[in-house]
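Here's structure-v4.pdb, which has PDB, C-alpha atoms (C1' of nucleotides):
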```pdb
ATOM      1  CA  MET A  26      18.528 -58.523  35.596
ATOM      2  CA  THR A  27      15.352 -56.979  36.932
ATOM      3  CA  ASP A  28      16.540 -53.447  36.403
ATOM      4  CA  SER A  29      17.895 -54.117  32.963
ATOM      5  CA  LEU A  30      15.418 -51.772  31.401
ATOM      6  CA  CYS A  31      16.736 -49.041  33.642
ATOM      7  CA  ILE A  32      19.909 -49.230  31.615
ATOM      8  CA  VAL A  33      18.162 -48.759  28.323
ATOM      9  CA  HIS A  34      15.657 -46.245  29.560
ATOM     10  CA  GLY A  35      16.645 -43.344  31.758
ATOM     11  CA  GLU A  36      19.395 -40.899  31.064
ATOM     12  CA  SER A  37      21.685 -43.537  29.597
ATOM     13  CA  GLY A  38      19.458 -43.709  26.582
ATOM     14  CA  PRO A  39      21.223 -41.163  24.401
ATOM     15  CA  MET A  40      24.586 -42.785  25.071
ATOM     16  CA  ILE A  41      23.312 -46.194  24.073
ATOM     17  CA  ARG A  42      21.742 -44.736  20.966
ATOM     18  CA  SER A  43      24.910 -43.020  19.843
ATOM     19  CA  VAL A  44      26.929 -46.190  20.337
ATOM     20  CA  LEU A  45      24.313 -48.368  18.715
ATOM     21  CA  ASP A  46      24.147 -46.059  15.741
ATOM     22  CA  ARG A  47      27.873 -46.472  15.346
ATOM     23  CA  ILE A  48      27.824 -50.275  15.663
ATOM     24  CA  CYS A  49      24.876 -50.786  13.428
ATOM     25  CA  ASP A  50      25.852 -48.874  10.385
ATOM     26  CA  LYS A  51      26.607 -51.072   7.459
ATOM     27  CA  TRP A  52      30.382 -51.444   7.783
ATOM     28  CA  THR A  53      31.615 -50.766  11.310
ATOM     29  CA  LEU A  54      31.304 -54.275  12.669
ATOM     30  CA  LEU A  55      32.932 -55.688   9.570
ATOM     31  CA  ILE A  56      35.852 -53.282   9.804
ATOM     32  CA  VAL A  57      36.387 -53.800  13.510
ATOM     33  CA  SER A  58      36.307 -57.557  13.232
ATOM     34  CA  THR A  59      38.708 -57.416  10.322
ATOM     35  CA  LEU A  60      41.112 -55.184  12.220
ATOM     36  CA  GLN A  61      41.109 -57.708  15.022
ATOM     37  CA  ARG A  62      43.602 -59.635  12.915
ATOM     38  CA  GLY A  63      46.077 -56.819  13.334
ATOM     39  CA  ARG A  64      47.051 -53.448  11.910
ATOM     40  CA  MET A  65      46.193 -53.070   8.263
ATOM     41  CA  ARG A  66      46.417 -50.484   5.537
ATOM     42  CA  PHE A  67      43.636 -48.933   3.515
ATOM     43  CA  THR A  68      43.798 -51.105   0.408
ATOM     44  CA  GLU A  69      44.254 -54.209   2.501
ATOM     45  CA  LEU A  70      41.057 -53.447   4.351
ATOM     46  CA  GLN A  71      39.227 -52.822   1.128
ATOM     47  CA  ARG A  72      40.367 -56.179  -0.212
ATOM     48  CA  ASN A  73      39.295 -57.980   2.941
ATOM     49  CA  ILE A  74      35.840 -56.406   3.059
ATOM     50  CA  PRO A  75      34.025 -57.349  -0.129
ATOM     51  CA  GLY A  76      31.596 -54.751  -1.384
ATOM     52  CA  VAL A  77      32.787 -51.749   0.577
ATOM     53  CA  SER A  78      33.311 -48.578  -1.444
ATOM     54  CA  GLN A  79      36.217 -46.226  -0.933
ATOM     55  CA  ARG A  80      33.819 -43.617   0.292
ATOM     56  CA  MET A  81      32.240 -45.789   2.971
ATOM     57  CA  LEU A  82      35.532 -47.281   4.102
ATOM     58  CA  SER A  83      37.021 -43.827   4.418
ATOM     59  CA  LEU A  84      33.993 -42.392   6.209
ATOM     60  CA  THR A  85      33.610 -45.272   8.622
ATOM     61  CA  LEU A  86      37.292 -45.300   9.510
ATOM     62  CA  ARG A  87      37.077 -41.572  10.189
ATOM     63  CA  HIS A  88      34.131 -42.139  12.513
ATOM     64  CA  LEU A  89      35.919 -44.913  14.348
ATOM     65  CA  GLU A  90      38.993 -42.762  14.700
ATOM     66  CA  ARG A  91      36.901 -39.938  16.063
ATOM     67  CA  ASP A  92      35.379 -42.263  18.640
ATOM     68  CA  GLY A  93      38.815 -43.474  19.671
ATOM     69  CA  LEU A  94      38.189 -47.060  18.627
ATOM     70  CA  VAL A  95      40.756 -47.040  15.837
ATOM     71  CA  VAL A  96      44.120 -45.325  15.436
ATOM     72  CA  ARG A  97      45.318 -44.026  12.119
ATOM     73  CA  THR A  98      49.051 -43.877  11.418
ATOM     74  CA  ALA A  99      50.299 -42.096   8.316
ATOM     75  CA  TYR A 100      53.880 -42.598   7.164
ATOM     76  CA  ALA A 101      55.569 -39.789   5.273
ATOM     77  CA  GLU A 102      56.684 -41.917   2.358
ATOM     78  CA  VAL A 103      56.338 -42.077  -1.374
ATOM     79  CA  PRO A 104      54.039 -43.693  -2.195
ATOM     80  CA  PRO A 105      52.042 -42.784   0.926
ATOM     81  CA  ARG A 106      51.261 -45.507   3.433
ATOM     82  CA  VAL A 107      48.555 -45.379   6.088
ATOM     83  CA  GLU A 108      47.828 -48.043   8.632
ATOM     84  CA  TYR A 109      44.841 -48.608  10.855
ATOM     85  CA  ALA A 110      44.668 -50.535  14.102
ATOM     86  CA  LEU A 111      42.223 -51.114  16.930
ATOM     87  CA  THR A 112      42.753 -49.195  20.149
ATOM     88  CA  ASP A 113      42.334 -50.925  23.505
ATOM     89  CA  THR A 114      38.835 -49.518  23.737
ATOM     90  CA  GLY A 115      38.097 -50.711  20.231
ATOM     91  CA  ALA A 116      39.249 -54.202  21.113
ATOM     92  CA  THR A 117      36.842 -54.441  24.050
ATOM     93  CA  LEU A 118      33.952 -53.833  21.684
ATOM     94  CA  ILE A 119      34.550 -57.127  19.971
ATOM     95  CA  GLU A 120      33.273 -59.289  22.788
ATOM     96  CA  PRO A 121      29.753 -57.868  23.228
ATOM     97  CA  ALA A 122      29.403 -57.300  19.502
ATOM     98  CA  LEU A 123      30.278 -60.917  18.883
ATOM     99  CA  ALA A 124      27.785 -62.039  21.499
ATOM    100  CA  LEU A 125      25.088 -60.310  19.498
ATOM    101  CA  ALA A 126      26.442 -61.673  16.236
ATOM    102  CA  SER A 127      26.385 -65.233  17.512
ATOM    103  CA  TRP A 128      22.861 -64.700  18.790
ATOM    104  CA  ALA A 129      22.011 -63.656  15.265
ATOM    105  CA  VAL A 130      23.595 -66.783  13.815
ATOM    106  CA  THR A 131      21.897 -69.021  16.364
ATOM    107  CA  ASN A 132      18.432 -67.538  16.011
ATOM    108  CA  GLY A 133      18.692 -66.555  12.385
ATOM    109  CA  PRO A 134      16.999 -69.689  11.013
ATOM    110  CA  THR A 135      14.177 -69.413  13.545
ATOM    111  CA  ILE A 136      13.631 -65.784  12.658
ATOM    112  CA  GLU A 137      13.647 -66.405   8.945
ATOM    113  CA  ALA A 138      11.219 -69.269   9.361
ATOM    114  CA  SER A 139       8.950 -66.999  11.341
ATOM    115  CA  ARG A 140       9.168 -64.374   8.619
ATOM    116  CA  SER A 141       8.235 -66.799   5.880
ATOM    117  CA  SER A 142       5.335 -68.131   7.889
ATOM    118  CA  PHE A 143       4.168 -64.604   8.699
ATOM    119  CA  ASP A 144       4.402 -63.491   5.097
ATOM    120  CA  SER A 145       2.501 -66.475   3.758
ATOM    121  CA  ARG A 146      -0.259 -65.966   6.320
ATOM    122  CA  SER A 147      -0.804 -62.370   5.301
ATOM    123  CA  SER A 148      -0.570 -63.007   1.588
TER     124      SER A 148
ATOM    125  CA  MET B  28      38.183 -66.234  19.814
ATOM    126  CA  THR B  29      40.670 -66.471  16.974
ATOM    127  CA  ASP B  30      38.038 -67.289  14.403
ATOM    128  CA  SER B  31      35.630 -64.672  15.615
ATOM    129  CA  LEU B  32      35.845 -62.793  12.369
ATOM    130  CA  CYS B  33      34.767 -65.958  10.596
ATOM    131  CA  ILE B  34      31.411 -65.430  12.213
ATOM    132  CA  VAL B  35      31.019 -61.917  10.920
ATOM    133  CA  HIS B  36      32.534 -62.585   7.547
ATOM    134  CA  GLY B  37      31.607 -65.631   5.527
ATOM    135  CA  GLU B  38      28.124 -66.695   4.661
ATOM    136  CA  SER B  39      26.747 -65.731   8.067
ATOM    137  CA  GLY B  40      27.146 -62.097   7.129
ATOM    138  CA  PRO B  41      23.684 -61.540   5.685
ATOM    139  CA  MET B  42      22.032 -63.111   8.716
ATOM    140  CA  ILE B  43      23.947 -60.889  11.089
ATOM    141  CA  ARG B  44      23.089 -57.876   9.006
ATOM    142  CA  SER B  45      19.384 -58.581   8.974
ATOM    143  CA  VAL B  46      19.346 -59.090  12.727
ATOM    144  CA  LEU B  47      21.501 -56.062  13.372
ATOM    145  CA  ASP B  48      19.261 -53.944  11.209
ATOM    146  CA  ARG B  49      16.339 -55.035  13.325
ATOM    147  CA  ILE B  50      18.080 -54.378  16.646
ATOM    148  CA  CYS B  51      19.512 -51.070  15.658
ATOM    149  CA  ASP B  52      16.525 -49.260  14.383
ATOM    150  CA  LYS B  53      15.421 -46.478  16.611
ATOM    151  CA  TRP B  54      12.837 -48.212  18.781
ATOM    152  CA  THR B  55      13.285 -52.006  18.832
ATOM    153  CA  LEU B  56      15.620 -52.209  21.784
ATOM    154  CA  LEU B  57      13.449 -49.831  23.757
ATOM    155  CA  ILE B  58      10.319 -51.832  23.037
ATOM    156  CA  VAL B  59      11.890 -55.184  23.813
ATOM    157  CA  SER B  60      13.359 -53.996  27.084
ATOM    158  CA  THR B  61      10.034 -52.471  28.034
ATOM    159  CA  LEU B  62       8.165 -55.666  27.245
ATOM    160  CA  GLN B  63      10.537 -57.520  29.516
ATOM    161  CA  ARG B  64       8.371 -56.248  32.361
ATOM    162  CA  GLY B  65       5.496 -58.316  31.061
ATOM    163  CA  ARG B  66       2.684 -58.238  28.524
ATOM    164  CA  MET B  67       1.441 -54.796  27.709
ATOM    165  CA  ARG B  68      -1.082 -53.116  25.488
ATOM    166  CA  PHE B  69      -0.515 -50.570  22.772
ATOM    167  CA  THR B  70      -1.258 -47.404  24.680
ATOM    168  CA  GLU B  71       0.641 -48.664  27.684
ATOM    169  CA  LEU B  72       3.722 -49.144  25.532
ATOM    170  CA  GLN B  73       3.345 -45.706  24.080
ATOM    171  CA  ARG B  74       3.186 -44.197  27.530
ATOM    172  CA  ASN B  75       6.282 -46.089  28.658
ATOM    173  CA  ILE B  76       8.374 -45.151  25.658
ATOM    174  CA  PRO B  77       8.664 -41.377  25.581
ATOM    175  CA  GLY B  78       8.921 -39.878  22.130
ATOM    176  CA  VAL B  79       7.684 -42.805  20.084
ATOM    177  CA  SER B  80       5.019 -42.007  17.503
ATOM    178  CA  GLN B  81       2.035 -44.222  16.847
ATOM    179  CA  ARG B  82       3.362 -44.963  13.429
ATOM    180  CA  MET B  83       6.772 -46.122  14.595
ATOM    181  CA  LEU B  84       5.384 -48.121  17.496
ATOM    182  CA  SER B  85       2.964 -49.854  15.181
ATOM    183  CA  LEU B  86       5.565 -50.529  12.507
ATOM    184  CA  THR B  87       8.208 -51.796  14.900
ATOM    185  CA  LEU B  88       5.779 -54.085  16.692
ATOM    186  CA  ARG B  89       4.729 -55.499  13.334
ATOM    187  CA  HIS B  90       8.369 -56.191  12.463
ATOM    188  CA  LEU B  91       8.987 -57.863  15.798
ATOM    189  CA  GLU B  92       5.885 -59.965  15.373
ATOM    190  CA  ARG B  93       7.007 -60.993  11.909
ATOM    191  CA  ASP B  94      10.370 -62.040  13.279
ATOM    192  CA  GLY B  95       8.709 -64.090  16.005
ATOM    193  CA  LEU B  96      10.156 -62.023  18.831
ATOM    194  CA  VAL B  97       6.828 -60.643  19.984
ATOM    195  CA  VAL B  98       3.313 -62.085  20.065
ATOM    196  CA  ARG B  99       0.275 -59.973  19.429
ATOM    197  CA  THR B 100      -3.024 -60.918  21.033
ATOM    198  CA  ALA B 101      -6.193 -59.141  19.993
ATOM    199  CA  TYR B 102      -9.315 -59.478  22.121
ATOM    200  CA  ALA B 103     -12.669 -59.207  20.405
ATOM    201  CA  GLU B 104     -14.051 -56.593  22.714
ATOM    202  CA  VAL B 105     -15.522 -53.157  22.532
ATOM    203  CA  PRO B 106     -13.489 -51.096  22.810
ATOM    204  CA  PRO B 107     -10.817 -53.274  21.209
ATOM    205  CA  ARG B 108      -7.885 -54.430  23.326
ATOM    206  CA  VAL B 109      -4.565 -55.668  22.007
ATOM    207  CA  GLU B 110      -1.693 -56.967  24.078
ATOM    208  CA  TYR B 111       1.919 -57.573  23.200
ATOM    209  CA  ALA B 112       4.387 -59.902  24.883
ATOM    210  CA  LEU B 113       7.875 -61.239  24.290
ATOM    211  CA  THR B 114       8.222 -64.744  22.924
ATOM    212  CA  ASP B 115      10.864 -67.095  24.293
ATOM    213  CA  THR B 116      13.096 -66.205  21.402
ATOM    214  CA  GLY B 117      12.497 -62.534  22.031
ATOM    215  CA  ALA B 118      13.467 -62.941  25.672
ATOM    216  CA  THR B 119      16.842 -64.457  24.778
ATOM    217  CA  LEU B 120      17.687 -61.347  22.813
ATOM    218  CA  ILE B 121      17.781 -59.298  25.961
ATOM    219  CA  GLU B 122      21.006 -60.738  27.305
ATOM    220  CA  PRO B 123      23.353 -60.020  24.376
ATOM    221  CA  ALA B 124      21.605 -56.723  23.661
ATOM    222  CA  LEU B 125      22.136 -55.683  27.245
ATOM    223  CA  ALA B 126      25.785 -56.671  27.063
ATOM    224  CA  LEU B 127      26.196 -54.218  24.244
ATOM    225  CA  ALA B 128      24.152 -51.581  26.044
ATOM    226  CA  SER B 129      26.280 -51.832  29.157
ATOM    227  CA  TRP B 130      29.409 -51.611  27.026
ATOM    228  CA  ALA B 131      27.942 -48.405  25.656
ATOM    229  CA  VAL B 132      27.319 -47.052  29.132
ATOM    230  CA  THR B 133      30.787 -48.043  30.325
ATOM    231  CA  ASN B 134      32.683 -46.658  27.367
ATOM    232  CA  GLY B 135      30.349 -43.805  26.556
ATOM    233  CA  PRO B 136      32.296 -41.144  28.462
ATOM    234  CA  THR B 137      35.588 -42.264  26.928
ATOM    235  CA  ILE B 138      34.089 -42.141  23.467
ATOM    236  CA  GLU B 139      32.547 -38.745  23.953
ATOM    237  CA  ALA B 140      35.823 -37.394  25.302
ATOM    238  CA  SER B 141      37.591 -38.764  22.251
ATOM    239  CA  ARG B 142      35.032 -37.104  20.014
ATOM    240  CA  SER B 143      35.451 -33.701  21.633
ATOM    241  CA  SER B 144      39.206 -33.953  21.439
ATOM    242  CA  PHE B 145      39.046 -35.046  17.806
ATOM    243  CA  ASP B 146      36.673 -32.250  16.875
ATOM    244  CA  SER B 147      38.733 -29.557  18.548
ATOM    245  CA  ARG B 148      41.888 -30.778  16.814
ATOM    246  CA  SER B 149      40.307 -30.533  13.383
ATOM    247  CA  SER B 150      38.611 -27.188  13.992
TER     248      SER B 150
ATOM    249  C1'  DC C  11      -8.600 -47.807  21.571
ATOM    250  C1'  DT C  12      -5.896 -49.343  17.798
ATOM    251  C1'  DG C  13      -3.470 -48.460  13.859
ATOM    252  C1'  DC C  14      -3.346 -47.665   8.651
ATOM    253  C1'  DA C  15      -2.609 -43.949   4.834
ATOM    254  C1'  DT C  16      -0.474 -39.957   3.262
ATOM    255  C1'  DC C  17       2.849 -36.348   2.868
ATOM    256  C1'  DC C  18       7.329 -34.777   3.644
ATOM    257  C1'  DA C  19      12.191 -33.789   5.498
ATOM    258  C1'  DT C  20      16.403 -35.826   6.409
ATOM    259  C1'  DG C  21      20.379 -38.801   6.004
ATOM    260  C1'  DC C  22      22.680 -43.126   4.644
ATOM    261  C1'  DG C  23      25.040 -45.189   1.273
ATOM    262  C1'  DG C  24      26.269 -46.274  -3.889
ATOM    263  C1'  DA C  25      28.575 -44.782  -8.356
ATOM    264  C1'  DT C  26      31.624 -41.974 -10.472
ATOM    265  C1'  DA C  27      35.224 -38.723 -11.190
ATOM    266  C1'  DC C  28      38.993 -36.238  -9.591
ATOM    267  C1'  DT C  29      43.466 -34.838  -6.348
ATOM    268  C1'  DG C  30      48.113 -35.188  -3.685
TER     269       DG C  30
ATOM    270  C1'  DC D   3      48.285 -45.432  -2.677
ATOM    271  C1'  DA D   4      44.885 -43.004  -0.133
ATOM    272  C1'  DG D   5      41.724 -40.512  -0.152
ATOM    273  C1'  DT D   6      37.979 -36.164  -1.250
ATOM    274  C1'  DA D   7      33.923 -34.143  -3.966
ATOM    275  C1'  DT D   8      29.643 -34.506  -6.200
ATOM    276  C1'  DC D   9      25.345 -36.325  -7.513
ATOM    277  C1'  DC D  10      21.443 -39.130  -6.653
ATOM    278  C1'  DG D  11      18.181 -42.885  -5.219
ATOM    279  C1'  DC D  12      16.157 -44.932  -1.409
ATOM    280  C1'  DA D  13      14.731 -45.965   3.252
ATOM    281  C1'  DT D  14      13.872 -44.103   7.826
ATOM    282  C1'  DG D  15      11.009 -41.757  10.609
ATOM    283  C1'  DG D  16       8.014 -37.526  12.113
ATOM    284  C1'  DA D  17       3.249 -35.147  11.727
ATOM    285  C1'  DT D  18      -1.257 -35.339  10.624
ATOM    286  C1'  DG D  19      -5.661 -37.195   9.311
ATOM    287  C1'  DC D  20      -8.834 -40.908   8.919
ATOM    288  C1'  DA D  21     -11.082 -45.743   9.861
ATOM    289  C1'  DG D  22     -12.679 -50.088  12.270
TER     290       DG D  22
END
```
Show the structure stored in the file as structure tokens.
Amino acid sequence: MTDSLCIVHGESGPMIRSVLDRICDKWTLLIVSTLQRGRMRFTELQRNIPGVSQRMLSLTLRHLERDGLVVRTAYAEVPPRVEYALTDTGATLIEPALALASWAVTNGPTIEASRSSFDSRSS
Amino acid sequence: MTDSLCIVHGESGPMIRSVLDRICDKWTLLIVSTLQRGRMRFTELQRNIPGVSQRMLSLTLRHLERDGLVVRTAYAEVPPRVEYALTDTGATLIEPALALASWAVTNGPTIEASRSSFDSRSS
DNA sequence: CTGCATCCATGCGGATACTG
DNA sequence: CAGTATCCGCATGGATGCAG
């Protein structure tokens, strides 16, 4: 607890940054939490994640695959079929990510209230 | 557990996004974890966070203040003195943020190994 | 000491069109 | 079906200079 900042500071910094950058881009968390339901193919993912473009879905999946959080399986069929699934490592991400998400849901109203109040004060 | 994706999807989405965007910018986590040590003034923060520019420190602190995670106290002195401290809400952020950070530290090597392997395969 | 204003480079992400 | 390629607007963030 006391040395918590030692985790964020120090030589672990870059690692945390690179992971955080991955988590915090616009679609990663959405994709990972969707894949928690089970393996899914490209179009299925796109249907289940409203607003995502082909480009971003493709890019983000590629990133996740590169980081070993998602596995891509292509079947040599016509028409082509590709399925995505979480790896074991990918699955372990869900817990801490969800902890942060639920913090966001819990404190969201407080934060938004604070924003409104702040904005009206400085108007 | 089963309905975890219901938290991320659904109408909570925007709230999570706005919080995530705050957490994941380049300096917020660093500032919050630094302030965990206690109230601190501007220059002190700058010294304790290597690489941060005045602009970014100022901007990020303003955001945190707006969100009610940090309180700013200005003393009418010459020369002027300003101190920053975490609010109660701000302090509760540390725990889930640290959970994610420690996940990053734990899985960082695995991820980086996966990246190298992926990059060499597609070279 | 504190921190705003300005200029500028970079990169994320959206829209669209096209391929195997 | 499952992508890739291209263009383009916008926000992030660094450097520098100036002000209260």
Chain and number of each residue from the PyMOL selection byres ((chain B) within 10 of (chain D)), as a list of chain:residue names: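 For this structure, the PyMOL selection byres ((chain B) within 10 of (chain D)) resolves to B:Asp52, B:Lys53, B:Val79, B:Ser80, B:Arg82, B:Met83, B:Pro107.
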Residues of chain C near chain B: apply a cut-off of 9 Å, count all atoms listed in the file, and supply the list as a ChimeraX atom specification. /C:11-14
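Going from atom CA of B:Leu91 to atom CA of B:Gln63 covers 13.8 Å.
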Taking the file as shown, what set of residues would the PyMOL selection byres ((chain B) within 8 of (chain A)) give back, as an MDAnalysis selection string? chainID B and resid 31:32 34:36 39 42:44 46:48 51 53 56:57 60:61 63 93:95 116 120 123:132 134:135 138:139 141:142 145:146
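Distance-wise, atom CA of A:Thr53 and atom C1' of C:DT20 end up 21.9 Å apart.
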Give me, please, the distance in Å between atom CA of B:Arg148 and atom CA of A:Arg87, quoted to one decimal. 13.5 Å
Taking (50.7, -48.8, 15.7) as a centre in this file's frame and 12 Å as the limit, can you find every polymer residue with an atom that close, using all atoms listed in the file, and give them as a list of chain:residue names?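 It turns out the residues near that spot are A:Gly63, A:Arg64, A:Met65, A:Arg66, A:Val95, A:Val96, A:Arg97, A:Thr98, A:Ala99, A:Tyr100, A:Val107, A:Glu108, A:Tyr109, A:Ala110, A:Leu111, A:Thr112, A:Asp113.
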